[in-house]
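Asker: One structure, as structure tokens, below. Some questions next.
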Amino acid sequence: PPSRLRELVAEWVELAGSARAEALGLLAVSTSLPRDVLAEADVAALVEAGLAVGTPDRVRIVSPLVGEVISDGMPPAHRRETAAHASARLTGYDDPRSRLTRITLASDGDTPPATKELAAAARTCTALGFHALAVDLGSRALALAEERREPAPTDAVVLRGESLWLLGRHDEADRAMDLAVRVAPDDAALALAASRAGSYWSLRREDPARAYRVTGDALERITDPQAAAFLRTSMTKWQIMLGDLPRQTLTGGRLGTDGAEAAVASLDPMLSAVLAACLSGDTVAARAGIAAGRPHAQAALAVIRHAAELFDYAEAVADCADANLPAAREAFREHATHRLSEAVGIWTLGASWSAFMQGDADGALLHAREATYELAWRDLLAFEGLAIGTRATVAAWLGRPAEAQECLDRLPPGMRALVITDLEAAQAESWLAFRAGAPSPAAPVERAVEAAEGRHHDWWLALAALSAIRMGQPSAVLAVLRRFPAHHAGPSVRLFVAYGEALEQGDPTALVAAAQGLETAGYLAAAYDAARQTLALGAHPDAATAARRARVIVTRVGALLSPSPTARSGIADLLTAREWAVASAAATRARNREIAESLGLSHRTVENHLAAVYRKLGVSGRDELREVVTAAAIA
């Protein structure tokens, strides 16, 4: 702490008086105490001196930094004695905060608490987000267990690894996860350790092969049927993400009779089943699993901190698949405002892709940028890659090829091995090709859709297929959508199929009906595209009647989209797709050579396109071009 702060604290201590020294010492080492631990006169004097803040129930040091200054000023022996004294005074208090403070104070004393108490305190710290303290307490619990020749506290060691990861100490987290599996004293502890270590390697380190190896080695060592069943069920989470849905029923197994471990044993198969149902689009099974799993979420809070929110998230995804996108987007946006939630990253990601589907591409890009940041260190189910892919998709659609390509370059093979990430990245590649005027822009989506077929991600596959249909290339993806199992083809999928079939057949009446259905379901971007595609079918006998209905949809829906398609279509009618891509890039002040590299064109071709753009738009340079493009809400 700076010397000026030390001087101020000295003045405040002098103001409080030497008679309050003992009370101040207890408060400084504890940070916060129940109010009746200290005499009321001591509390009043410390508050008056500016050293403490009091509430009816508690009193706390005015700032942890002030407490640090006071504690550092004590001789080491006196500080240890004061900490032991404070811990003893808290013995009769059983509220979580006092219990955690008591154990923390006693951990470095002459008579440290029981190993189980230290492990429980470490677990509490992880759940509360106090990761540095969780690491300290977990390390102390492990050291004491070794000194006392007790079984290693496996859950504390595992959660110590989680906290090390969230603190950015990744190499130490690797060693902690390996240690947790190595020191597990029995089958139940080994199953828990291998389960969490497998998730760590597969989802955080993006190394599914190592996850399978760690879990498989542990399964070979386990003889208890319940522990083995638990571990097999836990494996399904990353198996599902990789498109390898287990064939056996997800039943789980119990690791104990009560407490967090038993709750996890009950909850893990429920979370896995709900995840599988949501990815596949089986909303009936998803909603049944959500209802069954919610009562178990609170009991497992210390180990699976986000369980309740994962069920809420699954419900929002089910709303999307059930053709109620507005309700889903509202849920995503509302939860994304909870900035301190560990699950804020996935909620922000949901807000992004639901905004994109609703036609708010500007808002979707802002959410996607934030989600990539949040999920870089709050990764739950390897959704960081999905967030990066979503940002690339939106940027590509908006005509920002440099940003889209930068995002795609950030996706290593481990991320793209996940089915949902590959489907999203393929959409970005296709929108880049579409904006550049490629003859078959949907080819990347078609490739990803074919690769994903049969890998139990039918809902996310359908969303990718929708992009190909919006680009006017429905045939290849429709063949896959038509092969969906009946329970995976919910209301939204049926809308997508109807849209694609109407476009494939060139039927304006069916196409405008599909546009109306998409609008009602909240898929405004697709509804607008379907209506515009209806207007392009001018030669069909029914085109005139359908066109009148389509123009109403274009006007009504277009007024809700961002960026405004009305302003944009004025430029789009003047420019070719390739000229549009060049104009969008030039408006960002990119140089001709940079534009050529990003679009795969020659320098001369870019110059020719730019000259045509200037002529068609009536502008004389990049500054005027930037104004026109900005006004059209492209950049």
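For the structure tokens, the naming scheme is as follows: chains receive sequential letters (A, B, ...) according to their order of presentation, residues are indexed from 1 within each chain, and ligands are indexed from 1 in presentation order.
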Counting only C-alpha atoms, which residues in stretch 95-173 of chain A sit no more than 8 Å from stretch 187-210 of chain A? For each one, give the nearest pair of atoms and the distance in Å, sorted by chain then residue number, as CSV.
Answerer:
```
residue,atom,partner,partner_atom,distance
A:Thr154,CA,A:Ala189,CA,6.1
A:Asp155,CA,A:Ala193,CA,7.2
A:Val158,CA,A:Ala193,CA,6.3
```
Asker: Those selected residues, please, written with N, CA, C and O atoms and delivered as a short mmCIF file (atom, residue, chain, number, x, y, z; two decimals), in the first residue's frame.
Answerer:
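Everything below was put into result-v4.cif:
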```
data_model
loop_
_atom_site.label_atom_id
_atom_site.label_comp_id
_atom_site.auth_asym_id
_atom_site.auth_seq_id
_atom_site.Cartn_x
_atom_site.Cartn_y
_atom_site.Cartn_z
N THR A 154 -10.46 -35.00 -2.59
CA THR A 154 -10.47 -34.93 -4.05
C THR A 154 -11.24 -33.73 -4.58
O THR A 154 -10.80 -33.05 -5.51
N ASP A 155 -12.44 -33.45 -4.00
CA ASP A 155 -13.23 -32.36 -4.54
C ASP A 155 -12.50 -31.02 -4.38
O ASP A 155 -12.55 -30.16 -5.27
N VAL A 158 -9.83 -30.84 -7.12
CA VAL A 158 -10.43 -30.58 -8.43
C VAL A 158 -10.82 -29.11 -8.56
O VAL A 158 -10.51 -28.43 -9.55
#
```
Asker: Do a neighbour search on A:Glu172 at 9 Å with only C-alpha atoms, toss out local chain neighbours closer than 6 positions, and write the hits as number ranges by chain.
Answerer: A: 161, 164-165
Asker: Write out as an MDAnalysis selection string the set of residues from stretch 353-499 of chain A that DSSP, computed on the backbone, places in alpha helix (DSSP H).
Answerer: chainID A and resid 353:357 361:377 384:397 401:409 413:416 419:435 443:452 458:470 475:482 491:499
Asker: Please determine, counting only C-alpha atoms, which residue among A:Glu594, A:Asp422, A:Asp94, A:Asp174 has the shortest atom-to-atom distance to A:Glu450.
Answerer: A:Asp422
Asker: Considering only C-alpha atoms, give me a table of residues in stretch 46-155 of chain A that are at most 12 Å from stretch 337-352 of chain A, with the closest atom pair and distance in Å for each, as a tab-separated table.
Answerer:
```
residue	atom	partner	partner_atom	distance
A:Thr126	CA	A:Glu342	CA	11.2
A:Ala127	CA	A:Glu342	CA	9.8
A:Leu128	CA	A:Glu342	CA	9.9
A:Gly129	CA	A:Glu342	CA	8.5
```
Asker: Could those selected residues go to a file with all heavy atoms, as an mmCIF file, in the first residue's frame?
Answerer:
```cif
data_model
loop_
_atom_site.group_PDB
_atom_site.id
_atom_site.type_symbol
_atom_site.label_atom_id
_atom_site.label_comp_id
_atom_site.auth_asym_id
_atom_site.auth_seq_id
_atom_site.Cartn_x
_atom_site.Cartn_y
_atom_site.Cartn_z
ATOM 1 N N THR A 126 -14.889 -21.378 -4.252
ATOM 2 C CA THR A 126 -15.030 -21.564 -5.694
ATOM 3 C C THR A 126 -16.432 -21.180 -6.143
ATOM 4 O O THR A 126 -16.609 -20.491 -7.153
ATOM 5 C CB THR A 126 -14.737 -23.024 -6.083
ATOM 6 O OG1 THR A 126 -13.405 -23.353 -5.677
ATOM 7 C CG2 THR A 126 -14.866 -23.231 -7.577
ATOM 8 N N ALA A 127 -17.443 -21.622 -5.376
ATOM 9 C CA ALA A 127 -18.829 -21.314 -5.734
ATOM 10 C C ALA A 127 -19.089 -19.816 -5.703
ATOM 11 O O ALA A 127 -19.855 -19.292 -6.512
ATOM 12 C CB ALA A 127 -19.780 -22.043 -4.791
ATOM 13 N N LEU A 128 -18.442 -19.105 -4.767
ATOM 14 C CA LEU A 128 -18.650 -17.660 -4.631
ATOM 15 C C LEU A 128 -17.774 -16.851 -5.575
ATOM 16 O O LEU A 128 -17.930 -15.635 -5.666
ATOM 17 C CB LEU A 128 -18.370 -17.231 -3.187
ATOM 18 C CG LEU A 128 -19.339 -17.768 -2.127
ATOM 19 C CD1 LEU A 128 -18.860 -17.381 -0.735
ATOM 20 C CD2 LEU A 128 -20.745 -17.230 -2.362
ATOM 21 N N GLY A 129 -16.831 -17.514 -6.252
ATOM 22 C CA GLY A 129 -15.938 -16.793 -7.156
ATOM 23 C C GLY A 129 -14.697 -16.240 -6.479
ATOM 24 O O GLY A 129 -13.973 -15.452 -7.088
#
```
Asker: Between A:Tyr373, A:Asp529, A:Ala404, A:Gly399, which is the closest to A:Ala587 once you count only C-alpha atoms?
Answerer: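 Nearest to A:Ala587: A:Gly399.
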Asker: For atom CA of A:Ile103 and atom CA of A:Thr55, quote the distance in Å rounded to one decimal.
Answerer: 23.1 Å
Asker: Find the residues near A:Ser63: any atom within 10 Å, counting only C-alpha atoms, skip ones fewer than 2 places away on the same chain, and give them as a PDB file with C-alpha atoms, in the first residue's frame.
Answerer:
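Once written, result-v2.pdb looks like this:
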```pdb
ATOM      1  CA  ALA A  28      -8.453  -6.298  10.499  1.00  0.00           C
ATOM      2  CA  THR A  31     -12.301  -8.295   7.378  1.00  0.00           C
ATOM      3  CA  LEU A  51     -12.014   2.381  10.239  1.00  0.00           C
ATOM      4  CA  ALA A  52     -15.207   0.311  10.095  1.00  0.00           C
ATOM      5  CA  VAL A  53     -18.673   0.192   8.585  1.00  0.00           C
ATOM      6  CA  ARG A  60     -16.589  -4.860   8.498  1.00  0.00           C
ATOM      7  CA  ILE A  61     -13.300  -3.082   7.974  1.00  0.00           C
ATOM      8  CA  LEU A  65      -6.581  -2.629   1.995  1.00  0.00           C
ATOM      9  CA  VAL A  66      -6.942  -0.845   5.327  1.00  0.00           C
ATOM     10  CA  GLY A  67      -7.163  -4.221   7.040  1.00  0.00           C
ATOM     11  CA  GLU A  68      -4.007  -5.288   5.218  1.00  0.00           C
TER      12      GLU A  68
END
```
Asker: So that I can see what lies close to stretch 603-608 of chain A, please list as a PyMOL selection string the residues with an atom at most 12 Å from it, counting only C-alpha atoms and leaving out residues fewer than 5 positions away in the same chain.
Answerer: chain A and resi 436+578-583+585-586+590-598+613-615
Asker: Against stretch 275-296 of chain A, which residues of stretch 407-522 of chain A fall within 6 Å? For each one I want the closest pair of atoms and the distance in Å (one decimal), counting only C-alpha atoms, rows by chain and increasing residue number, as CSV.
Answerer:
```
residue,atom,partner,partner_atom,distance
A:His456,CA,A:Ser280,CA,5.1
A:His457,CA,A:Ser280,CA,4.6
A:Asp458,CA,A:Ser280,CA,4.5
A:Trp459,CA,A:Gly281,CA,4.6
A:His487,CA,A:Asp282,CA,5.6
A:His488,CA,A:Gly281,CA,4.8
```
Asker: Let me see the file: selected residues, all heavy atoms, as a short mmCIF file (atom, residue, chain, number, x, y, z; two decimals), in the first residue's frame.
Answerer:
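Below is the file that was written, selection_22.cif:
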```cif
data_model
loop_
_atom_site.label_atom_id
_atom_site.label_comp_id
_atom_site.auth_asym_id
_atom_site.auth_seq_id
_atom_site.Cartn_x
_atom_site.Cartn_y
_atom_site.Cartn_z
N HIS A 456 -26.48 -35.86 -34.19
CA HIS A 456 -27.33 -35.46 -33.08
C HIS A 456 -27.30 -33.97 -32.79
O HIS A 456 -27.49 -33.55 -31.66
CB HIS A 456 -26.95 -36.25 -31.82
CG HIS A 456 -26.70 -37.70 -32.08
ND1 HIS A 456 -27.70 -38.60 -32.36
CD2 HIS A 456 -25.53 -38.41 -32.15
CE1 HIS A 456 -27.17 -39.80 -32.57
NE2 HIS A 456 -25.88 -39.71 -32.46
N HIS A 457 -27.07 -33.16 -33.83
CA HIS A 457 -27.10 -31.70 -33.69
C HIS A 457 -28.11 -31.12 -34.69
O HIS A 457 -27.86 -30.10 -35.33
CB HIS A 457 -25.72 -31.11 -33.96
CG HIS A 457 -24.74 -31.30 -32.86
ND1 HIS A 457 -24.29 -32.54 -32.47
CD2 HIS A 457 -24.12 -30.40 -32.03
CE1 HIS A 457 -23.42 -32.40 -31.47
NE2 HIS A 457 -23.32 -31.12 -31.20
N ASP A 458 -29.27 -31.78 -34.80
CA ASP A 458 -30.19 -31.44 -35.88
C ASP A 458 -30.72 -30.01 -35.77
O ASP A 458 -31.00 -29.37 -36.79
CB ASP A 458 -31.36 -32.42 -35.90
CG ASP A 458 -30.92 -33.79 -36.42
OD1 ASP A 458 -29.77 -33.91 -36.89
OD2 ASP A 458 -31.73 -34.74 -36.34
N TRP A 459 -30.89 -29.49 -34.55
CA TRP A 459 -31.40 -28.12 -34.43
C TRP A 459 -30.37 -27.12 -34.95
O TRP A 459 -30.70 -26.22 -35.73
CB TRP A 459 -31.79 -27.81 -32.99
CG TRP A 459 -32.03 -26.35 -32.75
CD1 TRP A 459 -31.42 -25.54 -31.85
CD2 TRP A 459 -32.98 -25.51 -33.43
NE1 TRP A 459 -31.88 -24.26 -31.93
CE2 TRP A 459 -32.85 -24.21 -32.90
CE3 TRP A 459 -33.89 -25.72 -34.47
CZ2 TRP A 459 -33.61 -23.13 -33.36
CZ3 TRP A 459 -34.66 -24.65 -34.92
CH2 TRP A 459 -34.52 -23.38 -34.37
N HIS A 487 -39.32 -36.46 -34.32
CA HIS A 487 -39.26 -35.72 -33.06
C HIS A 487 -38.18 -34.64 -33.07
O HIS A 487 -38.05 -33.88 -32.11
CB HIS A 487 -39.06 -36.67 -31.88
CG HIS A 487 -37.85 -37.54 -31.97
ND1 HIS A 487 -37.73 -38.56 -32.89
CD2 HIS A 487 -36.70 -37.56 -31.24
CE1 HIS A 487 -36.56 -39.16 -32.73
NE2 HIS A 487 -35.92 -38.58 -31.75
N HIS A 488 -37.37 -34.56 -34.12
CA HIS A 488 -36.39 -33.49 -34.26
C HIS A 488 -36.90 -32.37 -35.17
O HIS A 488 -36.31 -31.31 -35.22
CB HIS A 488 -35.07 -34.01 -34.82
CG HIS A 488 -34.34 -34.91 -33.89
ND1 HIS A 488 -33.10 -35.44 -34.20
CD2 HIS A 488 -34.64 -35.38 -32.66
CE1 HIS A 488 -32.69 -36.21 -33.20
NE2 HIS A 488 -33.61 -36.19 -32.25
#
```
Asker: Between A:Gly437, A:Ala479, A:Ala464, A:Ala443, single out the one closest to A:Thr576, counting only C-alpha atoms.
Answerer: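 Of A:Gly437, A:Ala479, A:Ala464, A:Ala443, the one nearest A:Thr576 is A:Gly437, counting only C-alpha atoms.
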Asker: Using only C-alpha atoms, which residues sit within 12 Å of A:Glu220 once same-chain residues fewer than 3 positions away are excluded, as a PyMOL selection string?
Answerer: chain A and resi 187+190-191+194+213-217+223-225+227-228+231-232
Asker: Out of A:Ala417, A:Ala550, A:Ala498, A:Ala476, which residue has the shortest atom-to-atom distance to A:Ala536 when counting only C-alpha atoms?
Answerer: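 Of A:Ala417, A:Ala550, A:Ala498, A:Ala476, the one nearest A:Ala536, counting only C-alpha atoms, is A:Ala550.
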Asker: Go through A:Ala513, A:Leu599, A:Leu375, A:Leu561 one by one, measure the shortest atom-to-atom distance of each to A:Gln405 using only C-alpha atoms, and give the residue with the smallest value.
Answerer: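 Checking each of A:Ala513, A:Leu599, A:Leu375, A:Leu561 against A:Gln405, counting only C-alpha atoms, the winner is A:Leu599.
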Asker: Contacts of A:Arg102 at 10 Å or less, counting only C-alpha atoms, minus same-chain residues fewer than 4 places along, as a PDB file with C-alpha atoms, in the first residue's frame?
Answerer:
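Once everything was written out, this is selection.pdb:
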```
ATOM      1  CA  SER A  30     -11.128 -11.061   9.759  1.00  0.00           C
ATOM      2  CA  LEU A  33     -17.436 -10.096  11.804  1.00  0.00           C
ATOM      3  CA  ALA A  83      -6.177 -14.650  14.019  1.00  0.00           C
ATOM      4  CA  ALA A  84      -6.531 -17.608  16.382  1.00  0.00           C
ATOM      5  CA  HIS A  85      -8.479 -15.435  18.822  1.00  0.00           C
ATOM      6  CA  ALA A  86     -10.846 -14.254  16.062  1.00  0.00           C
ATOM      7  CA  SER A  87     -11.337 -17.820  14.844  1.00  0.00           C
ATOM      8  CA  ALA A  88     -12.208 -18.949  18.358  1.00  0.00           C
ATOM      9  CA  ARG A  89     -14.757 -16.158  18.762  1.00  0.00           C
ATOM     10  CA  LEU A  90     -16.492 -17.293  15.566  1.00  0.00           C
ATOM     11  CA  THR A  91     -16.903 -20.886  16.755  1.00  0.00           C
ATOM     12  CA  TYR A  93     -21.603 -18.823  14.513  1.00  0.00           C
ATOM     13  CA  ASP A  94     -22.848 -21.171  11.800  1.00  0.00           C
ATOM     14  CA  PRO A  96     -21.718 -19.442   5.804  1.00  0.00           C
ATOM     15  CA  ARG A  97     -19.748 -16.202   5.939  1.00  0.00           C
ATOM     16  CA  SER A  98     -18.663 -16.608   9.552  1.00  0.00           C
ATOM     17  CA  ALA A 106      -7.520 -21.139  11.554  1.00  0.00           C
ATOM     18  CA  SER A 107      -5.876 -22.665   8.465  1.00  0.00           C
ATOM     19  CA  PRO A 113      -9.188 -27.154  11.265  1.00  0.00           C
ATOM     20  CA  ALA A 121     -14.335 -23.876   2.664  1.00  0.00           C
TER      21      ALA A 121
END
```
Asker: In Å, with one decimal, what is the gap from atom CA of A:Glu624 to atom CA of A:Gly558?
Answerer: 25.7 Å
